[in-house]
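File shown: input_19.cif (mmCIF, C-alpha atoms).
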data_start
#
loop_
_atom_site.group_PDB
_atom_site.id
_atom_site.type_symbol
_atom_site.label_atom_id
_atom_site.label_comp_id
_atom_site.auth_asym_id
_atom_site.auth_seq_id
_atom_site.Cartn_x
_atom_site.Cartn_y
_atom_site.Cartn_z
ATOM 1 C CA MET A 8 -2.562 0.920 7.229
ATOM 2 C CA TYR A 9 -1.250 -1.395 9.946
ATOM 3 C CA PHE A 10 -0.526 -5.101 9.695
ATOM 4 C CA GLY A 11 0.559 -6.210 13.139
ATOM 5 C CA LYS A 12 3.324 -5.598 15.615
ATOM 6 C CA GLU A 13 6.212 -3.688 14.156
ATOM 7 C CA SER A 14 9.339 -5.786 13.826
ATOM 8 C CA SER A 15 12.720 -4.676 15.155
ATOM 9 C CA GLU A 16 13.941 -5.164 11.564
ATOM 10 C CA LYS A 17 11.971 -2.100 10.421
ATOM 11 C CA LYS A 18 15.055 0.112 10.525
ATOM 12 C CA SER A 19 17.394 -2.468 9.059
ATOM 13 C CA ASP A 20 19.080 -2.033 5.721
ATOM 14 C CA ARG A 21 16.533 -4.427 4.229
ATOM 15 C CA VAL A 22 13.521 -2.179 4.672
ATOM 16 C CA PRO A 23 12.971 0.887 2.455
ATOM 17 C CA PRO A 24 11.833 4.223 3.877
ATOM 18 C CA ASN A 25 8.316 4.487 5.330
ATOM 19 C CA GLN A 26 7.636 0.746 5.271
ATOM 20 C CA ILE A 27 6.341 -1.375 8.168
ATOM 21 C CA VAL A 28 7.467 -5.004 8.450
ATOM 22 C CA THR A 29 4.704 -7.585 8.734
ATOM 23 C CA LYS A 30 4.739 -11.355 9.051
ATOM 24 C CA LYS A 31 1.299 -11.511 7.434
ATOM 25 C CA TRP A 32 0.762 -11.495 3.693
ATOM 26 C CA PRO A 33 -2.084 -9.063 2.989
ATOM 27 C CA VAL A 34 -4.328 -9.821 0.029
ATOM 28 C CA LEU A 35 -4.727 -6.670 -2.039
ATOM 29 C CA HIS A 36 -6.352 -6.545 -5.458
ATOM 30 C CA TYR A 37 -9.159 -4.932 -7.368
ATOM 31 C CA GLY A 38 -11.817 -6.969 -9.117
ATOM 32 C CA ASN A 39 -12.459 -10.702 -9.176
ATOM 33 C CA VAL A 40 -10.176 -13.576 -8.197
ATOM 34 C CA PRO A 41 -9.938 -16.104 -11.054
ATOM 35 C CA TYR A 42 -10.343 -19.803 -10.230
ATOM 36 C CA TYR A 43 -9.231 -22.460 -12.704
ATOM 37 C CA GLU A 44 -10.935 -25.842 -12.881
ATOM 38 C CA ASP A 45 -9.122 -27.178 -15.947
ATOM 39 C CA MET A 46 -5.506 -26.154 -16.525
ATOM 40 C CA ASN A 47 -5.720 -27.631 -20.026
ATOM 41 C CA GLU A 48 -7.646 -24.467 -20.936
ATOM 42 C CA TRP A 49 -4.952 -22.148 -19.543
ATOM 43 C CA ASP A 50 -1.909 -20.880 -21.432
ATOM 44 C CA LEU A 51 0.707 -18.133 -21.391
ATOM 45 C CA ARG A 52 1.200 -15.992 -24.483
ATOM 46 C CA LEU A 53 4.575 -14.480 -25.450
ATOM 47 C CA PHE A 54 4.036 -11.819 -28.118
ATOM 48 C CA GLY A 55 4.752 -8.314 -29.397
ATOM 49 C CA HIS A 56 8.194 -7.511 -30.790
ATOM 50 C CA VAL A 57 9.039 -11.149 -31.451
ATOM 51 C CA GLU A 58 9.580 -13.096 -34.657
ATOM 52 C CA GLU A 59 6.575 -15.290 -33.918
ATOM 53 C CA ASP A 60 4.053 -15.425 -31.079
ATOM 54 C CA VAL A 61 4.342 -18.414 -28.761
ATOM 55 C CA ARG A 62 1.749 -19.970 -26.461
ATOM 56 C CA LEU A 63 2.922 -22.195 -23.617
ATOM 57 C CA THR A 64 0.664 -24.621 -21.788
ATOM 58 C CA TYR A 65 0.832 -24.979 -18.031
ATOM 59 C CA GLU A 66 2.476 -28.375 -18.481
ATOM 60 C CA GLU A 67 5.125 -26.905 -20.798
ATOM 61 C CA ILE A 68 5.867 -24.167 -18.279
ATOM 62 C CA MET A 69 6.193 -26.647 -15.432
ATOM 63 C CA ASP A 70 8.677 -28.597 -17.579
ATOM 64 C CA LEU A 71 10.962 -25.541 -17.807
ATOM 65 C CA PRO A 72 13.962 -25.368 -15.440
ATOM 66 C CA GLN A 73 12.694 -24.607 -11.955
ATOM 67 C CA THR A 74 14.370 -22.221 -9.571
ATOM 68 C CA GLU A 75 14.003 -21.121 -5.975
ATOM 69 C CA ARG A 76 14.539 -17.566 -4.762
ATOM 70 C CA LYS A 77 14.423 -16.007 -1.309
ATOM 71 C CA ASN A 78 13.701 -12.290 -1.101
ATOM 72 C CA ASP A 79 11.872 -9.445 0.598
ATOM 73 C CA ILE A 80 8.788 -7.815 -0.877
ATOM 74 C CA HIS A 81 7.644 -4.220 -0.426
ATOM 75 C CA CYS A 82 4.100 -3.058 -1.121
ATOM 76 C CA VAL A 83 3.370 0.487 -2.241
ATOM 77 C CA THR A 84 0.719 0.668 0.531
ATOM 78 C CA GLY A 85 3.488 0.615 3.151
ATOM 79 C CA TRP A 86 4.105 -2.977 4.270
ATOM 80 C CA SER A 87 7.159 -5.147 3.760
ATOM 81 C CA LYS A 88 7.355 -8.914 4.182
ATOM 82 C CA LEU A 89 10.827 -10.363 4.647
ATOM 83 C CA ASP A 90 12.295 -13.761 3.793
ATOM 84 C CA ASN A 91 9.802 -14.995 1.212
ATOM 85 C CA ARG A 92 10.740 -18.256 -0.487
ATOM 86 C CA TRP A 93 9.461 -18.601 -4.041
ATOM 87 C CA GLU A 94 9.543 -21.475 -6.500
ATOM 88 C CA GLY A 95 9.006 -20.986 -10.188
ATOM 89 C CA ILE A 96 10.709 -20.169 -13.454
ATOM 90 C CA ALA A 97 13.243 -17.390 -13.985
ATOM 91 C CA THR A 98 12.013 -14.794 -16.472
ATOM 92 C CA GLN A 99 15.206 -15.403 -18.456
ATOM 93 C CA GLU A 100 13.860 -18.864 -19.323
ATOM 94 C CA PHE A 101 10.857 -17.388 -21.108
ATOM 95 C CA VAL A 102 12.908 -15.322 -23.543
ATOM 96 C CA LYS A 103 14.620 -18.564 -24.568
ATOM 97 C CA LYS A 104 11.252 -19.792 -25.845
ATOM 98 C CA VAL A 105 10.712 -16.908 -28.269
ATOM 99 C CA ASN A 106 12.920 -14.881 -30.628
ATOM 100 C CA VAL A 107 12.708 -11.393 -29.156
ATOM 101 C CA LEU A 108 13.539 -8.664 -31.663
ATOM 102 C CA PRO A 109 16.497 -6.382 -30.870
ATOM 103 C CA GLU A 110 14.310 -3.262 -30.550
ATOM 104 C CA ALA A 111 12.333 -4.738 -27.638
ATOM 105 C CA ASN A 112 13.292 -2.637 -24.603
ATOM 106 C CA TYR A 113 10.211 -3.078 -22.389
ATOM 107 C CA VAL A 114 7.611 -5.622 -21.420
ATOM 108 C CA ILE A 115 3.977 -5.411 -20.433
ATOM 109 C CA ILE A 116 2.846 -8.214 -18.155
ATOM 110 C CA HIS A 117 -0.775 -9.103 -18.937
ATOM 111 C CA ALA A 118 -2.945 -10.657 -16.245
ATOM 112 C CA GLU A 119 -6.534 -11.902 -16.076
ATOM 113 C CA GLU A 120 -9.361 -9.397 -16.560
ATOM 114 C CA GLY A 121 -7.159 -6.971 -18.453
ATOM 115 C CA TRP A 122 -4.748 -6.055 -15.643
ATOM 116 C CA THR A 123 -1.316 -4.974 -16.882
ATOM 117 C CA THR A 124 1.940 -3.562 -15.580
ATOM 118 C CA ASN A 125 5.015 -2.330 -17.439
ATOM 119 C CA LEU A 126 8.715 -3.062 -16.876
ATOM 120 C CA PRO A 127 11.961 -2.139 -18.578
ATOM 121 C CA MET A 128 13.480 -5.262 -20.112
ATOM 122 C CA GLU A 129 16.471 -5.088 -17.746
ATOM 123 C CA ASP A 130 14.133 -5.289 -14.736
ATOM 124 C CA PHE A 131 12.121 -8.125 -16.271
ATOM 125 C CA LEU A 132 15.319 -10.087 -16.961
ATOM 126 C CA LYS A 133 17.036 -9.348 -13.655
ATOM 127 C CA GLU A 134 18.379 -12.505 -12.016
ATOM 128 C CA THR A 135 15.903 -12.167 -9.134
ATOM 129 C CA SER A 136 12.832 -11.832 -11.411
ATOM 130 C CA MET A 137 10.640 -14.868 -11.972
ATOM 131 C CA LEU A 138 7.170 -16.229 -12.579
ATOM 132 C CA ALA A 139 6.314 -18.103 -9.399
ATOM 133 C CA HIS A 140 3.876 -20.938 -8.771
ATOM 134 C CA SER A 141 4.717 -21.542 -5.088
ATOM 135 C CA HIS A 142 5.425 -19.481 -1.961
ATOM 136 C CA ASP A 143 7.079 -20.817 1.198
ATOM 137 C CA GLY A 144 6.734 -24.401 0.019
ATOM 138 C CA LYS A 145 3.053 -24.257 -0.908
ATOM 139 C CA THR A 146 1.295 -23.753 -4.239
ATOM 140 C CA LEU A 147 0.034 -20.193 -4.546
ATOM 141 C CA THR A 148 -3.577 -19.692 -3.569
ATOM 142 C CA PRO A 149 -5.908 -18.076 -6.123
ATOM 143 C CA GLU A 150 -5.933 -14.917 -3.967
ATOM 144 C CA HIS A 151 -2.153 -14.654 -4.269
ATOM 145 C CA GLY A 152 -1.961 -15.302 -8.002
ATOM 146 C CA TYR A 153 -2.330 -19.013 -8.834
ATOM 147 C CA PRO A 154 -1.265 -20.441 -11.213
ATOM 148 C CA LEU A 155 1.539 -17.927 -11.965
ATOM 149 C CA ARG A 156 2.428 -14.544 -10.606
ATOM 150 C CA ALA A 157 5.342 -12.332 -11.494
ATOM 151 C CA VAL A 158 7.892 -11.743 -8.735
ATOM 152 C CA VAL A 159 10.033 -8.642 -9.276
ATOM 153 C CA PRO A 160 11.249 -8.057 -5.716
ATOM 154 C CA HIS A 161 13.468 -5.023 -6.340
ATOM 155 C CA LEU A 162 10.375 -2.979 -7.343
ATOM 156 C CA TYR A 163 7.161 -2.244 -5.436
ATOM 157 C CA PHE A 164 4.990 -5.311 -5.361
ATOM 158 C CA TRP A 165 2.270 -4.085 -7.737
ATOM 159 C CA LYS A 166 4.845 -4.777 -10.462
ATOM 160 C CA SER A 167 4.646 -8.449 -9.426
ATOM 161 C CA ALA A 168 1.345 -9.011 -11.214
ATOM 162 C CA LYS A 169 -0.907 -11.891 -10.189
ATOM 163 C CA TRP A 170 -2.647 -14.308 -12.596
ATOM 164 C CA VAL A 171 -0.176 -13.756 -15.440
ATOM 165 C CA ARG A 172 -1.496 -14.722 -18.896
ATOM 166 C CA GLY A 173 0.847 -12.902 -21.256
ATOM 167 C CA ILE A 174 4.199 -11.191 -21.706
ATOM 168 C CA GLU A 175 4.260 -8.543 -24.415
ATOM 169 C CA PHE A 176 7.618 -7.281 -25.669
ATOM 170 C CA LEU A 177 7.651 -3.595 -26.660
ATOM 171 C CA ALA A 178 10.018 -1.152 -28.326
ATOM 172 C CA ASP A 179 8.653 1.815 -26.344
ATOM 173 C CA ASN A 180 7.499 2.068 -22.767
ATOM 174 C CA LYS A 181 3.792 2.387 -22.122
ATOM 175 C CA PRO A 182 1.932 2.440 -18.808
ATOM 176 C CA GLY A 183 0.026 -0.529 -17.459
ATOM 177 C CA PHE A 184 -3.278 -0.312 -15.591
ATOM 178 C CA TRP A 185 -1.993 1.053 -12.280
ATOM 179 C CA GLU A 186 0.526 3.319 -13.992
ATOM 180 C CA ARG A 187 -2.285 4.868 -16.045
ATOM 181 C CA ASN A 188 -4.083 5.490 -12.768
ATOM 182 C CA GLY A 189 -1.341 7.409 -10.986
ATOM 183 C CA TYR A 190 1.273 4.876 -9.935
ATOM 184 C CA HIS A 191 4.911 5.443 -10.853
ATOM 185 C CA MET A 192 6.199 4.094 -14.168
ATOM 186 C CA LEU A 193 9.077 2.247 -12.447
ATOM 187 C CA GLY A 194 8.351 1.908 -8.715
ATOM 188 C CA ARG A 195 11.718 1.588 -6.933
ATOM 189 C CA PRO A 196 11.064 1.238 -3.160
ATOM 190 C CA TRP A 197 14.365 2.726 -2.038
ATOM 191 C CA LYS A 198 13.568 5.889 -3.989
ATOM 192 C CA GLU A 199 9.915 5.817 -2.821
ATOM 193 C CA GLU A 200 8.664 5.965 -6.388
ATOM 194 C CA ARG A 201 5.070 5.300 -5.407
ATOM 195 C CA PHE A 202 3.151 7.706 -7.614
ATOM 196 C CA SER A 203 3.604 9.459 -10.930
ATOM 197 C CA TRP A 204 4.266 12.768 -9.184
ATOM 198 C CA ASP A 205 7.091 11.321 -7.005
#

Could you spell out this file's structure in structure tokens?
Amino acid sequence: MYFGKESSEKKSDRVPPNQIVTKKWPVLHYGNVPYYEDMNEWDLRLFGHVEEDVRLTYEEIMDLPQTERKNDIHCVTGWSKLDNRWEGIATQEFVKKVNVLPEANYVIIHAEEGWTTNLPMEDFLKETSMLAHSHDGKTLTPEHGYPLRAVVPHLYFWKSAKWVRGIEFLADNKPGFWERNGYHMLGRPWKEERFSWD
């Protein structure tokens, strides 16, 4: 897979092994792209190992403290895009909205149409992790995850699920959709944890 002229930054310390730097942002997904006409019908559910489930409206989420992060992203298919600027809400803000039980060690991020991906709690709560609504100063397009996508830049980008609709807190780790279909349970780019057999 090739995404344009190879940058001289390919061999820098910022690019994991066997990745090609691109200035483009490829659109990769399986299934339909959801389009929302009325955000009053959209919400985000926080549930699982919590004292009580919580549902947040889009307006309530946009009222949470906003943050901006700049990072590099690395796709399991072999491309890396450097210097992305994201705006959104740190994942740490969401756990303030719900009483997570002490035994919760993992999360499953739920997206539209049943897509899921799993994360250890420490990766979900890492300072660089967020739910983003904007990229490089513009609202995300539906193809890139509007209205909210996870951004977990220290892991391969499939862990940064698009079209997030729920965060489930779990005591035990369980695979999400792509993990059930052969992708690695964690997905660290610098260790090339692309597939379950890696």

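CA of Leu162 (chain A) is positioned 4.8 Å from CA of Arg195 (chain A).
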
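For the file at hand, the PyMOL selection byres ((chain A and resi 139-144) around 7) resolves to Asn91, Arg92, Trp93, Glu94, Gly95, Ile96, Met137, Leu138, Lys145, Thr146, Leu147, Tyr153, Pro154, Leu155, Arg156, Ala157 and Val158 of chain A.
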
Save the residues we just selected, C-alpha atoms, as a PDB file, in the frame of the given file?
ATOM      1  CA  ASN A  91       9.802 -14.995   1.212  1.00  0.00           C
ATOM      2  CA  ARG A  92      10.740 -18.256  -0.487  1.00  0.00           C
ATOM      3  CA  TRP A  93       9.461 -18.601  -4.041  1.00  0.00           C
ATOM      4  CA  GLU A  94       9.543 -21.475  -6.500  1.00  0.00           C
ATOM      5  CA  GLY A  95       9.006 -20.986 -10.188  1.00  0.00           C
ATOM      6  CA  ILE A  96      10.709 -20.169 -13.454  1.00  0.00           C
ATOM      7  CA  MET A 137      10.640 -14.868 -11.972  1.00  0.00           C
ATOM      8  CA  LEU A 138       7.170 -16.229 -12.579  1.00  0.00           C
ATOM      9  CA  LYS A 145       3.053 -24.257  -0.908  1.00  0.00           C
ATOM     10  CA  THR A 146       1.295 -23.753  -4.239  1.00  0.00           C
ATOM     11  CA  LEU A 147       0.034 -20.193  -4.546  1.00  0.00           C
ATOM     12  CA  TYR A 153      -2.330 -19.013  -8.834  1.00  0.00           C
ATOM     13  CA  PRO A 154      -1.265 -20.441 -11.213  1.00  0.00           C
ATOM     14  CA  LEU A 155       1.539 -17.927 -11.965  1.00  0.00           C
ATOM     15  CA  ARG A 156       2.428 -14.544 -10.606  1.00  0.00           C
ATOM     16  CA  ALA A 157       5.342 -12.332 -11.494  1.00  0.00           C
ATOM     17  CA  VAL A 158       7.892 -11.743  -8.735  1.00  0.00           C
TER      18      VAL A 158
END

With 4 Å added on each side, what axis-aligned box encloses every listed atom of region 147-163 of chain A? Give the centre and edge lengths in Å to one decimal, as JSON.
{"center_x": 3.8, "center_y": -11.3, "center_z": -7.8, "size_x": 27.4, "size_y": 26.2, "size_z": 16.4}

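Among the candidates A:Lys31, A:Lys88, A:Lys103, A:Arg52, the one nearest to Pro72 (chain A) when counting all atoms listed in the file is A:Lys103.
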
- [ ] I would like the residues chosen by the PyMOL selection byres ((chain A and resi 108-115) around 9) on the shown file; could you give them as a ChimeraX atom specification?
- [x] /A:55-58,106-107,116-117,123-131,173-183

Open item on the list: For a quick check of understanding, using all atoms listed in the file, which of A:Glu67, A:Asp45, A:Glu199, A:Glu150 has the smallest distance to Phe101 (chain A)?
Closed with: A:Glu67

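Going from CA of Gly152 (chain A) to CA of Lys166 (chain A) covers 12.8 Å.
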
TODO: Taking the file as shown, find all residues satisfying the PyMOL selection byres ((chain A and resi 82) around 9) and write them as a list in words.
DONE: Gln26, Ile80, His81, Val83, Thr84, Gly85, Trp86, Ser87, Lys88, Leu162, Tyr163, Phe164, Trp165 and Pro196 of chain A

Task: Residue contacts of Leu51 (chain A) (10 Å, all atoms listed in the file) excluding same-chain residues fewer than 2 positions away, as a VMD selection string - done: chain A and resid 49 53 to 54 61 to 65 67 to 68 117 to 118 155 171 to 174

Task: Gap from CA of Thr74 (chain A) to CA of Met46 (chain A) - Å, one decimal - done: 21.4 Å

Open item on the list: Could you check the closest approach to Glu75 (chain A) for each of A:Thr135, A:Ser203, A:His191, A:Val22 and tell me which residue wins, using all atoms listed in the file?
Closed with: A:Thr135

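Among the candidate residues A:Glu48, A:Glu100, A:Asp90, A:Glu120, the one lying nearest to Asp70 (chain A) is A:Glu100, with distances computed using all atoms listed in the file.
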
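Checking A:Arg76, A:Met69, A:Ser19, A:Glu119 one by one against Gly38 (chain A), counting all atoms listed in the file, you find the shortest gap at A:Glu119.
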
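Counting all atoms listed in the file, the residue from A:Val40, A:Val105, A:Leu71, A:Leu89 that sits nearest to Val28 (chain A) is A:Leu89.
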
Rebuild N, CA and C atoms on region 85-98 of chain A, as a compact mmCIF listing (two decimals), keeping the file's coordinate frame?
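Result file rebuild.txt:
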# COMPACT_ATOMS: atom_id res chain seq x y z
N GLY A 85 2.70 0.35 1.96
CA GLY A 85 3.49 0.62 3.15
C GLY A 85 3.92 -0.58 3.97
N TRP A 86 3.64 -1.82 3.52
CA TRP A 86 4.11 -2.98 4.27
C TRP A 86 5.23 -3.67 3.52
N SER A 87 6.09 -4.32 4.30
CA SER A 87 7.16 -5.15 3.76
C SER A 87 7.10 -6.51 4.43
N LYS A 88 7.31 -7.55 3.66
CA LYS A 88 7.36 -8.91 4.18
C LYS A 88 8.71 -9.50 3.82
N LEU A 89 9.46 -9.90 4.85
CA LEU A 89 10.83 -10.36 4.65
C LEU A 89 10.88 -11.88 4.49
N ASP A 90 11.96 -12.33 3.86
CA ASP A 90 12.30 -13.76 3.79
C ASP A 90 11.22 -14.62 3.14
N ASN A 91 10.74 -14.19 2.00
CA ASN A 91 9.80 -15.00 1.21
C ASN A 91 10.59 -16.00 0.38
N ARG A 92 10.11 -17.22 0.33
CA ARG A 92 10.74 -18.26 -0.49
C ARG A 92 9.80 -18.61 -1.63
N TRP A 93 10.27 -18.38 -2.84
CA TRP A 93 9.46 -18.60 -4.04
C TRP A 93 10.02 -19.75 -4.85
N GLU A 94 9.14 -20.49 -5.51
CA GLU A 94 9.54 -21.48 -6.50
C GLU A 94 8.84 -21.14 -7.81
N GLY A 95 9.58 -21.29 -8.90
CA GLY A 95 9.01 -20.99 -10.19
C GLY A 95 10.05 -21.01 -11.28
N ILE A 96 9.86 -20.18 -12.28
CA ILE A 96 10.71 -20.17 -13.45
C ILE A 96 11.29 -18.77 -13.62
N ALA A 97 12.59 -18.68 -13.76
CA ALA A 97 13.24 -17.39 -13.98
C ALA A 97 12.71 -16.77 -15.27
N THR A 98 12.51 -15.47 -15.27
CA THR A 98 12.01 -14.79 -16.47
C THR A 98 12.96 -15.00 -17.66
